[in-house]
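Have a look at upload15.cif below; it lists mmCIF, C-alpha atoms.
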```
data_work
loop_
_atom_site.group_PDB
_atom_site.id
_atom_site.type_symbol
_atom_site.label_atom_id
_atom_site.label_comp_id
_atom_site.auth_asym_id
_atom_site.auth_seq_id
_atom_site.Cartn_x
_atom_site.Cartn_y
_atom_site.Cartn_z
ATOM 1 C CA MET Q 221 20.604 14.056 -17.806
ATOM 2 C CA GLY Q 222 17.578 12.823 -15.843
ATOM 3 C CA ARG Q 223 14.380 14.628 -15.124
ATOM 4 C CA LYS Q 224 13.524 15.650 -11.558
ATOM 5 C CA VAL Q 225 11.040 13.347 -9.877
ATOM 6 C CA ALA Q 226 7.645 14.915 -9.189
ATOM 7 C CA GLY Q 227 7.422 15.645 -5.496
ATOM 8 C CA TYR Q 228 11.097 16.587 -5.326
ATOM 9 C CA GLY Q 229 11.601 20.002 -6.845
ATOM 10 C CA GLU Q 230 9.561 21.389 -9.690
ATOM 11 C CA PRO Q 231 7.445 18.877 -11.606
ATOM 12 C CA GLN Q 232 8.268 18.592 -15.273
ATOM 13 C CA ALA Q 233 5.672 18.581 -18.048
ATOM 14 C CA GLY Q 234 6.637 15.020 -18.976
ATOM 15 C CA ASP Q 235 5.880 13.717 -15.482
ATOM 16 C CA VAL Q 236 2.134 13.651 -16.136
ATOM 17 C CA VAL Q 237 2.572 12.010 -19.544
ATOM 18 C CA ASP Q 238 5.013 9.425 -18.194
ATOM 19 C CA LEU Q 239 2.666 8.615 -15.327
ATOM 20 C CA LEU Q 240 -0.329 8.411 -17.670
ATOM 21 C CA ARG Q 241 1.502 5.938 -19.893
ATOM 22 C CA SER Q 242 2.339 3.796 -16.850
ATOM 23 C CA LEU Q 243 -1.304 3.837 -15.743
ATOM 24 C CA VAL Q 244 -2.675 2.947 -19.183
ATOM 25 C CA ALA Q 245 -0.222 0.023 -19.415
ATOM 26 C CA ARG Q 246 -1.890 -1.519 -16.342
ATOM 27 C CA PRO Q 247 -5.287 -3.040 -17.211
ATOM 28 C CA SER Q 248 -7.993 -2.130 -14.687
ATOM 29 C CA TYR Q 249 -11.280 -3.348 -16.115
ATOM 30 C CA GLY Q 250 -13.779 -5.826 -14.796
ATOM 31 C CA GLU Q 251 -16.886 -6.067 -12.670
ATOM 32 C CA GLY Q 252 -17.141 -4.717 -9.127
ATOM 33 C CA LEU Q 253 -14.297 -3.668 -6.876
ATOM 34 C CA GLY Q 254 -10.812 -5.145 -7.340
ATOM 35 C CA PRO Q 255 -9.768 -4.939 -11.011
ATOM 36 C CA GLU Q 256 -7.939 -1.701 -10.065
ATOM 37 C CA ASP Q 257 -5.439 -3.606 -7.882
ATOM 38 C CA ALA Q 258 -2.397 -3.251 -10.176
ATOM 39 C CA VAL Q 259 -2.956 0.491 -10.578
ATOM 40 C CA VAL Q 260 -3.487 1.050 -6.844
ATOM 41 C CA ARG Q 261 -0.347 -0.949 -5.959
ATOM 42 C CA PHE Q 262 1.680 0.976 -8.559
ATOM 43 C CA LEU Q 263 0.540 4.338 -7.141
ATOM 44 C CA ALA Q 264 1.136 3.139 -3.574
ATOM 45 C CA ALA Q 265 4.744 2.263 -4.467
ATOM 46 C CA ARG Q 266 5.135 5.706 -6.044
ATOM 47 C CA PHE Q 267 3.842 7.362 -2.867
ATOM 48 C CA ASP Q 268 6.062 5.133 -0.713
ATOM 49 C CA ALA Q 269 9.102 6.377 -2.662
ATOM 50 C CA ARG Q 270 8.047 9.973 -1.925
ATOM 51 C CA GLY Q 271 7.143 9.428 1.712
ATOM 52 C CA ILE Q 272 3.476 10.266 1.132
ATOM 53 C CA PRO Q 273 1.116 8.456 3.514
ATOM 54 C CA TYR Q 274 -2.037 6.922 2.081
ATOM 55 C CA VAL Q 275 -4.837 4.484 2.811
ATOM 56 C CA ILE Q 276 -5.752 1.572 0.559
ATOM 57 C CA ARG Q 277 -9.182 -0.050 0.576
ATOM 58 C CA GLU Q 278 -9.315 -3.744 -0.280
ATOM 59 C CA THR Q 279 -11.848 -6.439 -0.869
ATOM 60 C CA GLY Q 280 -10.884 -10.104 -1.098
ATOM 61 C CA GLY Q 281 -7.192 -9.122 -1.056
ATOM 62 C CA LYS Q 282 -7.603 -6.822 -4.077
ATOM 63 C CA ALA Q 283 -7.048 -3.076 -3.760
ATOM 64 C CA TYR Q 284 -9.658 -0.783 -5.298
ATOM 65 C CA ASN Q 285 -9.299 2.680 -3.691
ATOM 66 C CA LEU Q 286 -6.342 4.835 -2.652
ATOM 67 C CA LEU Q 287 -6.731 7.952 -0.488
ATOM 68 C CA ALA Q 288 -4.093 10.454 0.553
ATOM 69 C CA ARG Q 289 -4.324 13.732 2.427
ATOM 70 C CA THR Q 290 -2.149 16.807 2.697
ATOM 71 C CA GLY Q 291 -2.566 20.056 4.569
ATOM 72 C CA GLU Q 292 -5.143 20.400 7.296
ATOM 73 C CA GLY Q 293 -8.213 22.299 8.312
ATOM 74 C CA ARG Q 294 -10.605 24.153 6.086
ATOM 75 C CA PRO Q 295 -11.345 24.737 3.401
ATOM 76 C CA SER Q 296 -11.052 21.166 2.219
ATOM 77 C CA ILE Q 297 -11.212 19.846 -1.311
ATOM 78 C CA VAL Q 298 -11.372 16.348 -2.748
ATOM 79 C CA LEU Q 299 -9.588 15.519 -5.989
ATOM 80 C CA ASN Q 300 -11.513 12.464 -7.189
ATOM 81 C CA SER Q 301 -11.050 10.300 -10.244
ATOM 82 C CA HIS Q 302 -11.616 6.676 -11.089
ATOM 83 C CA LEU Q 303 -9.043 3.998 -11.807
ATOM 84 C CA ASP Q 304 -11.212 1.475 -13.629
ATOM 85 C CA THR Q 305 -11.949 1.397 -17.340
ATOM 86 C CA VAL Q 306 -14.395 -0.347 -19.581
ATOM 87 C CA PRO Q 307 -13.057 -3.543 -21.214
ATOM 88 C CA PRO Q 308 -10.952 -3.059 -24.351
ATOM 89 C CA GLY Q 309 -13.205 -5.195 -26.518
ATOM 90 C CA ASP Q 310 -11.790 -6.834 -29.630
ATOM 91 C CA PRO Q 311 -8.059 -5.943 -29.783
ATOM 92 C CA ASP Q 312 -8.145 -6.362 -33.579
ATOM 93 C CA ARG Q 313 -10.342 -3.274 -33.773
ATOM 94 C CA TRP Q 314 -7.673 -1.107 -32.157
ATOM 95 C CA ASP Q 315 -5.191 0.873 -34.263
ATOM 96 C CA VAL Q 316 -2.860 0.738 -31.255
ATOM 97 C CA PRO Q 317 -2.866 -2.167 -28.781
ATOM 98 C CA PRO Q 318 -5.141 -1.102 -25.888
ATOM 99 C CA PHE Q 319 -2.419 -1.253 -23.225
ATOM 100 C CA ALA Q 320 0.529 -0.072 -25.317
ATOM 101 C CA ALA Q 321 0.127 3.504 -24.010
ATOM 102 C CA ARG Q 322 1.602 4.815 -27.238
ATOM 103 C CA LEU Q 323 2.591 8.483 -27.396
ATOM 104 C CA ALA Q 324 2.062 9.978 -30.865
ATOM 105 C CA ASP Q 325 1.395 13.516 -32.033
ATOM 106 C CA GLY Q 326 1.291 14.767 -28.453
ATOM 107 C CA LYS Q 327 -1.421 12.299 -27.429
ATOM 108 C CA VAL Q 328 -1.408 9.084 -25.405
ATOM 109 C CA TYR Q 329 -3.375 6.252 -26.994
ATOM 110 C CA GLY Q 330 -4.746 3.288 -25.052
ATOM 111 C CA ARG Q 331 -7.672 2.057 -22.971
ATOM 112 C CA GLY Q 332 -8.510 4.581 -20.276
ATOM 113 C CA ALA Q 333 -6.118 7.279 -21.478
ATOM 114 C CA CYS Q 334 -8.924 9.834 -21.471
ATOM 115 C CA ASP Q 335 -11.511 8.212 -19.199
ATOM 116 C CA ALA Q 336 -10.083 8.704 -16.671
ATOM 117 C CA LYS Q 337 -6.416 7.862 -16.250
ATOM 118 C CA ALA Q 338 -5.337 11.258 -17.629
ATOM 119 C CA SER Q 339 -7.110 13.009 -14.776
ATOM 120 C CA VAL Q 340 -5.626 10.493 -12.318
ATOM 121 C CA ALA Q 341 -2.123 11.306 -13.602
ATOM 122 C CA ALA Q 342 -2.698 15.065 -13.425
ATOM 123 C CA MET Q 343 -4.188 14.848 -9.941
ATOM 124 C CA VAL Q 344 -1.381 12.613 -8.641
ATOM 125 C CA VAL Q 345 1.367 14.933 -9.913
ATOM 126 C CA ALA Q 346 -0.471 17.988 -8.534
ATOM 127 C CA PHE Q 347 -1.011 16.234 -5.194
ATOM 128 C CA GLU Q 348 2.668 15.290 -4.981
ATOM 129 C CA ARG Q 349 3.573 18.955 -5.470
ATOM 130 C CA LEU Q 350 1.050 20.010 -2.819
ATOM 131 C CA TRP Q 351 2.546 17.408 -0.470
ATOM 132 C CA THR Q 352 5.907 19.166 -0.707
ATOM 133 C CA GLU Q 353 4.155 22.432 0.252
ATOM 134 C CA ARG Q 354 1.901 20.920 2.930
ATOM 135 C CA ASP Q 355 3.125 23.220 5.708
ATOM 136 C CA HIS Q 356 2.069 26.239 3.662
ATOM 137 C CA LEU Q 357 -1.371 25.098 2.499
ATOM 138 C CA GLY Q 358 -4.379 26.979 3.788
ATOM 139 C CA GLY Q 359 -6.599 23.912 4.091
ATOM 140 C CA GLU Q 360 -6.714 20.226 3.287
ATOM 141 C CA VAL Q 361 -6.479 18.441 -0.061
ATOM 142 C CA ILE Q 362 -7.783 14.875 -0.217
ATOM 143 C CA LEU Q 363 -6.802 12.692 -3.162
ATOM 144 C CA SER Q 364 -9.498 10.056 -3.709
ATOM 145 C CA LEU Q 365 -8.676 7.563 -6.468
ATOM 146 C CA VAL Q 366 -11.487 5.069 -6.683
ATOM 147 C CA GLY Q 367 -12.617 1.879 -8.301
ATOM 148 C CA ALA Q 368 -15.782 0.610 -9.917
ATOM 149 C CA GLU Q 369 -16.963 3.931 -11.329
ATOM 150 C CA GLU Q 370 -17.716 2.277 -14.642
ATOM 151 C CA THR Q 371 -19.935 -0.258 -12.853
ATOM 152 C CA GLY Q 372 -21.912 2.010 -10.526
ATOM 153 C CA GLY Q 373 -19.573 4.329 -8.622
ATOM 154 C CA LEU Q 374 -18.965 1.788 -5.862
ATOM 155 C CA GLY Q 375 -15.519 3.110 -4.872
ATOM 156 C CA THR Q 376 -16.725 6.662 -4.303
ATOM 157 C CA ARG Q 377 -19.858 5.416 -2.548
ATOM 158 C CA ARG Q 378 -17.692 3.339 -0.212
ATOM 159 C CA GLU Q 379 -15.592 6.396 0.731
ATOM 160 C CA ILE Q 380 -18.694 8.467 1.417
ATOM 161 C CA GLU Q 381 -20.079 5.658 3.588
ATOM 162 C CA LEU Q 382 -16.768 5.671 5.487
ATOM 163 C CA GLY Q 383 -17.076 9.405 6.148
ATOM 164 C CA LEU Q 384 -15.290 11.177 3.300
ATOM 165 C CA ARG Q 385 -16.428 14.803 3.366
ATOM 166 C CA ALA Q 386 -15.044 18.070 2.019
ATOM 167 C CA ASP Q 387 -16.132 21.603 1.236
ATOM 168 C CA ALA Q 388 -15.683 21.047 -2.507
ATOM 169 C CA ALA Q 389 -14.651 18.409 -5.007
ATOM 170 C CA ILE Q 390 -13.065 18.262 -8.409
ATOM 171 C CA VAL Q 391 -14.048 15.109 -10.271
ATOM 172 C CA GLY Q 392 -11.726 14.140 -13.095
ATOM 173 C CA GLU Q 393 -14.218 12.924 -15.624
ATOM 174 C CA PRO Q 394 -13.839 13.900 -19.298
ATOM 175 C CA THR Q 395 -16.417 16.486 -20.375
ATOM 176 C CA ARG Q 396 -15.038 17.568 -23.758
ATOM 177 C CA LEU Q 397 -13.620 20.648 -21.974
ATOM 178 C CA THR Q 398 -17.068 21.809 -20.875
ATOM 179 C CA PRO Q 399 -16.999 22.633 -17.144
ATOM 180 C CA HIS Q 400 -19.812 21.169 -15.046
ATOM 181 C CA VAL Q 401 -20.538 22.692 -11.663
ATOM 182 C CA ALA Q 402 -22.803 19.969 -10.305
ATOM 183 C CA HIS Q 403 -23.434 16.294 -10.802
#
```
Could the structure of this file be written out as structure tokens, please?
Amino acid sequence: MGRKVAGYGEPQAGDVVDLLRSLVARPSYGEGLGPEDAVVRFLAARFDARGIPYVIRETGGKAYNLLARTGEGRPSIVLNSHLDTVPPGDPDRWDVPPFAARLADGKVYGRGACDAKASVAAMVVAFERLWTERDHLGGEVILSLVGAEETGGLGTRREIELGLRADAAIVGEPTRLTPHVAH
């Protein structure tokens, strides 16, 4: 018996974990904008399958940002997280291969699992659910998945330069479960 697909009916707890494992399995490290291409294309295909419109930003034929919107009007909120990771370093120093996305003891292990592909997965699944309820939302939700955070926040800066604005934002950056109300 298969699980329901997020965006069609109630999301299942495993949807976020399954998505996280798929994201971790796609390397997205390197300098500047563009190493996120495989992750952006994967998420774009996922949104295509669900009929969710989006915008991709590219440089030199490589995708680095993905934006999607649902609902309309105010208040507006941005769900922002980054798609890039730091390099994995020496693979011999890893207990688990960096892109294996191994699930063990209720945790996903691999490069970027915490910083910040877990927040990307949670935000994507939440956004997909909000998309199905878009006619009933009392405002707009903007999903902003960006590149080059690890090398200077270039993806977010680019969106701001292009006019991204909202009344509030949730940034999916690990904080050891300590909420931060400003950055």
Name the closest residue to Lys282 (chain Q) among the candidates Q:Gly252, Q:Gly330, Q:Gly373, Q:Gly358; distances are taken between atoms, counting all atoms listed in the file.
Q:Gly252
Min atom-atom distance to Val316 (chain Q) from the set Q:Ile380, Q:Ile390, Q:Val328, Q:Cys334, counting all atoms listed in the file, belongs to Q:Val328
Running the PyMOL selection byres ((chain Q and resi 337) around 10) on this model by hand, what would come out? Give it as a PyMOL selection string.
chain Q and resi 239-244+259+301-305+331-336+338-343+392-393
Could you state which residues are captured by the PyMOL selection byres ((chain Q and resi 384) around 12) in this file, as a ChimeraX atom specification?
/Q:287-289,296-300,361-364,375-383,385-389
Work out how far apart CA of Ala245 (chain Q) and CA of Gly280 (chain Q) are and give it in Å to one decimal.
23.5 Å
Need the shell around Tyr249 (chain Q): protein/DNA/RNA residues with any atom at most 9 Å away, counting all atoms listed in the file. Skip same-chain ones fewer than 5 positions apart. Format as a PyMOL selection string?
chain Q and resi 254-256+303-308+368+370
Between Q:Thr279, Q:Asp310, Q:Thr395, Q:Leu286, which residue has the minimum interatomic distance to Phe262 (chain Q), considering only C-alpha atoms?
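With only C-alpha atoms as the atom set, the closest residue is Q:Leu286.
Our summary of the geometry notes that CA of Leu263 (chain Q) is positioned 14.8 Å from CA of Trp351 (chain Q).
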Suppose a student applies the PyMOL selection byres ((chain Q and resi 276) around 9) to this structure; what residues should they get, written as JSON, numbers by chain?
{"Q": [260, 261, 264, 274, 275, 277, 278, 283, 284, 285, 286, 287]}
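Shortest atom-to-atom contact with Val236 (chain Q) among Q:Ala265, Q:Leu253, Q:Val345, Q:Ala402: Q:Val345, counting all atoms listed in the file.
Across the model, the gap from CA of Asp235 (chain Q) to CA of Leu357 (chain Q) is 22.5 Å.
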When distances are computed from all atoms listed in the file, which of Q:His356, Q:Gly326, Q:Phe267, Q:Glu251 shows the smallest separation from Gly372 (chain Q)?
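Checking each candidate against Gly372 (chain Q), we get Q:Glu251 as the closest.
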Once you add 4 Å to each side, what are the centre and edge lengths of the axis-aligned box holding all listed atoms of region 387-399 of chain Q? One decimal in Å, as lines of an AutoDock Vina configuration file, if you can.
```
center_x = -14.4
center_y = 17.8
center_z = -11.3
size_x = 13.3
size_y = 17.7
size_z = 33.0
```
With only C-alpha atoms as the basis for distance, which of Q:Pro247, Q:Pro311, Q:Pro295, Q:Gly271 is at the shortest distance from Gly359 (chain Q)?
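Smallest distance to Gly359 (chain Q) is found for Q:Pro295.
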